[in-house]
Amino acid sequence: MEASLKEKAVFAGLGVFLAYALAAGWWMMSGKASIEDAKKQMERAKSICEREKRLISERPEWDERYEEEAALIPEVGDGDNSDTVWMSVMDKIAQDNSVFITERRPGKEEMSGDMQQTTVDIKWTAALESLVKFMHELENTDDGKFDIQSLSFSPGKRKGFLSGTLTLTCIFKRN
């Protein structure tokens, strides 16, 4: 049974209509996903904007805190060698806490913002408790601003002792 020309035209029209309907449905669905992605991006952008507004509004507080900390940074004279200043402070703290420094290598001075900094690589031997007290005192002393950048250790040759290395950053101003 063969379809008449009129039936063929109806089926062809129906096929074209279905193809367009499927294409429109697919376009709307992909558009919906794009809209959801855009909403998520918008929410992230709003969140970032709010956080940045809050940080900008806190600037006076952060500036004040920076000035308080900067006032505590020790000054080293222009003609003085910063290595010897920091090593003497470090040696005293090590001696007070029974940490035995076997080798130290000072690094070069570098500018860091409006401050200077230098590093000292140290090889040491100590009991665990002595090492902890030494690191605590270094980080909290009023004789300088020190920051321990890296620390490695292993069991020492003597029972109950550790040996290892640490890299200490010393921050200061030149006057």
# chains A, B, ... in the order shown; residues from 1 in each chain; ligands from 1
>>> select_by_dssp(residues="stretch 24-141 of chain A", states="helix (DSSP H, G or I)", output="MDAnalysis selection string")
chainID A and resid 24:57 59:71 82:96 128:140
>>> write_last_selection(atoms="C-alpha atoms", output="PDB file, in the first residue's frame")
ATOM      1  CA  ALA A  24      14.526  23.614  20.109  1.00  0.00           C
ATOM      2  CA  GLY A  25      14.261  21.294  23.137  1.00  0.00           C
ATOM      3  CA  TRP A  26      17.976  20.535  23.030  1.00  0.00           C
ATOM      4  CA  TRP A  27      18.788  24.249  22.689  1.00  0.00           C
ATOM      5  CA  MET A  28      16.570  25.102  25.688  1.00  0.00           C
ATOM      6  CA  MET A  29      18.082  22.354  27.828  1.00  0.00           C
ATOM      7  CA  SER A  30      21.641  23.394  27.011  1.00  0.00           C
ATOM      8  CA  GLY A  31      20.620  26.996  27.643  1.00  0.00           C
ATOM      9  CA  LYS A  32      19.248  25.987  31.036  1.00  0.00           C
ATOM     10  CA  ALA A  33      22.602  24.380  31.952  1.00  0.00           C
ATOM     11  CA  SER A  34      24.391  27.513  30.781  1.00  0.00           C
ATOM     12  CA  ILE A  35      22.094  29.643  32.903  1.00  0.00           C
ATOM     13  CA  GLU A  36      22.814  27.444  35.943  1.00  0.00           C
ATOM     14  CA  ASP A  37      26.571  27.741  35.291  1.00  0.00           C
ATOM     15  CA  ALA A  38      26.233  31.500  34.925  1.00  0.00           C
ATOM     16  CA  LYS A  39      24.302  31.682  38.230  1.00  0.00           C
ATOM     17  CA  LYS A  40      27.058  29.724  40.000  1.00  0.00           C
ATOM     18  CA  GLN A  41      29.727  31.997  38.517  1.00  0.00           C
ATOM     19  CA  MET A  42      27.721  35.035  39.581  1.00  0.00           C
ATOM     20  CA  GLU A  43      27.426  33.733  43.159  1.00  0.00           C
ATOM     21  CA  ARG A  44      31.193  33.063  43.289  1.00  0.00           C
ATOM     22  CA  ALA A  45      31.891  36.555  41.950  1.00  0.00           C
ATOM     23  CA  LYS A  46      29.534  38.073  44.552  1.00  0.00           C
ATOM     24  CA  SER A  47      31.279  36.110  47.296  1.00  0.00           C
ATOM     25  CA  ILE A  48      34.719  37.270  46.151  1.00  0.00           C
ATOM     26  CA  CYS A  49      33.478  40.851  45.861  1.00  0.00           C
ATOM     27  CA  GLU A  50      32.021  40.806  49.388  1.00  0.00           C
ATOM     28  CA  ARG A  51      35.221  39.316  50.818  1.00  0.00           C
ATOM     29  CA  GLU A  52      37.339  41.943  49.054  1.00  0.00           C
ATOM     30  CA  LYS A  53      35.046  44.751  50.247  1.00  0.00           C
ATOM     31  CA  ARG A  54      35.415  43.449  53.808  1.00  0.00           C
ATOM     32  CA  LEU A  55      39.217  43.312  53.477  1.00  0.00           C
ATOM     33  CA  ILE A  56      39.323  46.821  52.023  1.00  0.00           C
ATOM     34  CA  SER A  57      37.218  48.110  54.909  1.00  0.00           C
ATOM     35  CA  ARG A  59      42.704  48.195  55.796  1.00  0.00           C
ATOM     36  CA  PRO A  60      43.154  50.782  58.581  1.00  0.00           C
ATOM     37  CA  GLU A  61      43.239  47.970  61.150  1.00  0.00           C
ATOM     38  CA  TRP A  62      45.795  45.996  59.114  1.00  0.00           C
ATOM     39  CA  ASP A  63      47.917  49.123  58.573  1.00  0.00           C
ATOM     40  CA  GLU A  64      47.902  49.778  62.319  1.00  0.00           C
ATOM     41  CA  ARG A  65      48.895  46.178  63.074  1.00  0.00           C
ATOM     42  CA  TYR A  66      51.684  46.393  60.482  1.00  0.00           C
ATOM     43  CA  GLU A  67      53.024  49.596  62.050  1.00  0.00           C
ATOM     44  CA  GLU A  68      52.985  47.988  65.518  1.00  0.00           C
ATOM     45  CA  GLU A  69      54.940  44.967  64.249  1.00  0.00           C
ATOM     46  CA  ALA A  70      57.299  47.091  62.130  1.00  0.00           C
ATOM     47  CA  ALA A  71      58.171  49.126  65.232  1.00  0.00           C
ATOM     48  CA  SER A  82      73.992  41.656  60.008  1.00  0.00           C
ATOM     49  CA  ASP A  83      75.276  38.059  60.141  1.00  0.00           C
ATOM     50  CA  THR A  84      77.302  38.644  63.289  1.00  0.00           C
ATOM     51  CA  VAL A  85      74.419  40.421  65.024  1.00  0.00           C
ATOM     52  CA  TRP A  86      71.973  37.567  64.420  1.00  0.00           C
ATOM     53  CA  MET A  87      74.467  34.790  65.020  1.00  0.00           C
ATOM     54  CA  SER A  88      75.380  36.141  68.442  1.00  0.00           C
ATOM     55  CA  VAL A  89      71.679  36.287  69.422  1.00  0.00           C
ATOM     56  CA  MET A  90      71.096  32.811  67.997  1.00  0.00           C
ATOM     57  CA  ASP A  91      74.191  31.411  69.754  1.00  0.00           C
ATOM     58  CA  LYS A  92      73.071  32.791  73.113  1.00  0.00           C
ATOM     59  CA  ILE A  93      69.584  31.312  72.732  1.00  0.00           C
ATOM     60  CA  ALA A  94      71.086  27.975  71.637  1.00  0.00           C
ATOM     61  CA  GLN A  95      73.447  27.941  74.615  1.00  0.00           C
ATOM     62  CA  ASP A  96      70.650  28.820  77.062  1.00  0.00           C
ATOM     63  CA  LEU A 128      63.920  17.038  71.570  1.00  0.00           C
ATOM     64  CA  GLU A 129      62.810  19.143  74.538  1.00  0.00           C
ATOM     65  CA  SER A 130      65.827  21.452  74.159  1.00  0.00           C
ATOM     66  CA  LEU A 131      65.134  21.868  70.446  1.00  0.00           C
ATOM     67  CA  VAL A 132      61.493  22.790  71.077  1.00  0.00           C
ATOM     68  CA  LYS A 133      62.475  25.374  73.718  1.00  0.00           C
ATOM     69  CA  PHE A 134      65.155  26.778  71.380  1.00  0.00           C
ATOM     70  CA  MET A 135      62.683  27.183  68.480  1.00  0.00           C
ATOM     71  CA  HIS A 136      60.057  28.721  70.774  1.00  0.00           C
ATOM     72  CA  GLU A 137      62.505  31.245  72.169  1.00  0.00           C
ATOM     73  CA  LEU A 138      63.787  32.129  68.680  1.00  0.00           C
ATOM     74  CA  GLU A 139      60.263  32.871  67.497  1.00  0.00           C
ATOM     75  CA  ASN A 140      59.381  34.885  70.623  1.00  0.00           C
TER      76      ASN A 140
END
>>> closest_residue(among="A:Glu103, A:Glu7, A:Glu2, A:Glu110", to="A:Leu166", atoms="only C-alpha atoms")
A:Glu103
>>> closest_residue(among="A:Asn175, A:Asn81, A:Thr169, A:Ser98", to="A:Asp114", atoms="only C-alpha atoms")
A:Asn175
>>> closest_residue(among="A:Pro106, A:Ala21, A:Pro155, A:Gln117", to="A:Arg174", atoms="only C-alpha atoms")
A:Gln117
>>> atom_distance(atom1="atom CA of A:Arg105", atom2="atom CA of A:Asp121")
5.0 Å
>>> atom_distance(atom1="atom CA of A:Ala127", atom2="atom CA of A:Ile101")
12.5 Å
